[in-house]
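In what follows, a structure is listed as structure tokens, so that the remarks can point back to it.
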Amino acid sequence: MKKPVVFLTRRLPTAAMEMLAAACTITLWDDEVRPCPREALLEGVAEAEGVLTLLTDRVDDELLAAAPHLRIVANMAVGYDNLDLAACRRRGVQVSNTPGVVTETTADLAWALMLAAARRIVEGQKLIEAGGWGPWYPMQMVGVDIYGTRLGVVGAGRIGQAVLRRAQGFGMALGYHNRTPNSEVEAATGATYLALDELLSSSDVVVVTVPLSDETRGMFGAREFALMKPTAIFVNVARGPIVREAELVAALQAGRPQAVGIDVFEREPIGPDHPLLRLPNCVAVPHIGSATVATRTRMATLAAENVVAVLTGKPAPSLLNL
């Protein structure tokens, strides 16, 4: 029997490639680093019944029209703002993502950014590299404490809950904001539901984990930053467009919040001239929330499982509800 054709927009970890090769004929943009050019993507999906995409690959009416045989789009990501779900629904194309896999890894990164910003880790390393580490004095490189303070998490999904669980070991008072209160979150973490303004004004650390949507786009701007404590730490491991970056830069320059840890940006990738990088109180990393060997491998294999399941008539593990 002829195997169904699957187009990959990037070479994947070996385990995922082997899984796909056993059930499908693979065609791919054979580069681990450079995104698949649009022209190559449209050409690659022409005969494909499945396509495995990354966040850099836009799936819209144009692509779907170029792929008359397409049955499944498997996005190797939790988010799917690169996919036009309505267009897929109109054409009867199923869509999947990789939920759950990135939860613990992303929560770890949120904590890494939180601690690095609070204790001025990057700033301290740069001081040493510049030859500026002189004699000790009482207020040298002082930061703020995390242990025993108040944490506010905006978005109590899987990642938000994982961030809250870790805070229990730091003796923190816990608050969360969600579209609606969640008694299961409260029972599991001891966190208290707060209105957004109350959470922002009372928290020593604010961590954002909400998905990007019309409701959350631009959610954090000058007004929200002005509500925070002057000593507050702000961390975003969700999506860049949730924050109005120009207003964040102005807020940091004005000293409220005191410092930020950022994994995501309005437009990615950013360059070395980005305004946030000029500020000593900003810890920035290049969207590495899921960047561990185990997590990226599991993301790829889950995406592959979805492709193989749909193309062989079996239940897929993580289809999106279109």
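Ordered as shown in the structure tokens, chains take letters A, B, and onward, while each chain numbers its residues from 1 and ligands are numbered from 1 in the order shown.
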Sorted by chain and rising residue number, which residues of range 122-215 of chain A lie within 7 Å of range 100-108 of chain A, and what are their closest atom pairs and distances in Å to one decimal, counting only C-alpha atoms, as a Markdown table?
```
| residue | atom | partner | partner_atom | distance |
| --- | --- | --- | --- | --- |
| A:Arg158 | CA | A:Thr103 | CA | 6.1 |
| A:Ile159 | CA | A:Thr103 | CA | 4.9 |
| A:Ala162 | CA | A:Ala107 | CA | 5.8 |
| A:Val163 | CA | A:Ala107 | CA | 5.1 |
```
Please dump the current selection as a CSV table (one decimal), in the first residue's frame; keep C-alpha atoms.
```
chain,number,residue,atom,x,y,z
A,158,ARG,CA,-1.1,24.1,33.0
A,159,ILE,CA,2.0,26.4,33.0
A,162,ALA,CA,3.2,24.6,37.5
A,163,VAL,CA,4.7,28.1,38.4
```
_When you look at range 312-316 of chain A with a cut-off of 12 Å (counting only C-alpha atoms), what residues show up, excluding the ones that are within fewer than 3 positions of it in the same chain? I need them as JSON, numbers by chain._
{"A": [1, 2, 3, 4, 5, 20, 22, 23, 24, 49, 50, 71, 72, 73, 74, 94, 95, 96, 97, 98, 302, 303, 304, 305, 306, 307, 308, 309, 319, 320, 321]}
*One decimal, Å: what's the distance from CA of Asp60 in chain A over to CA of Val78 in chain A, could you say?*
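One can read the CA of Asp60 in chain A to CA of Val78 in chain A distance as 18.2 Å.
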*With a distance cut-off of 6 Å and only C-alpha atoms, select the neighbouring residues of range 251-267 of chain A, excluding the residue or stretch itself and same-chain residues fewer than 6 positions from it, and output the selection as number ranges by chain.*
A: 113, 117, 230-237, 239-241, 281-287
*asked:* Set the distance at 6 Å and use only C-alpha atoms: which residues neighbour range 140-147 of chain A once local chain neighbours fewer than 5 positions away are removed? I'd like the list as a count of residues only.
replied: 4
*Going by DSSP on the backbone, which bits of range 159-219 of chain A are alpha helix (DSSP H)? Write them as a ChimeraX atom specification, please.*
/A:159-167,183-189,196-202
*What's the 12 Å shell around Asp84 in chain A, counting only C-alpha atoms, without same-chain residues fewer than 6 positions away, as a PyMOL selection string?*
chain A and resi 57-64+73+75+90-91+93-95+322
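Across A:Ala110, A:Ala48, A:Met219, A:Leu41, the tightest approach to Arg244 in chain A is made by A:Met219 when counting only C-alpha atoms.
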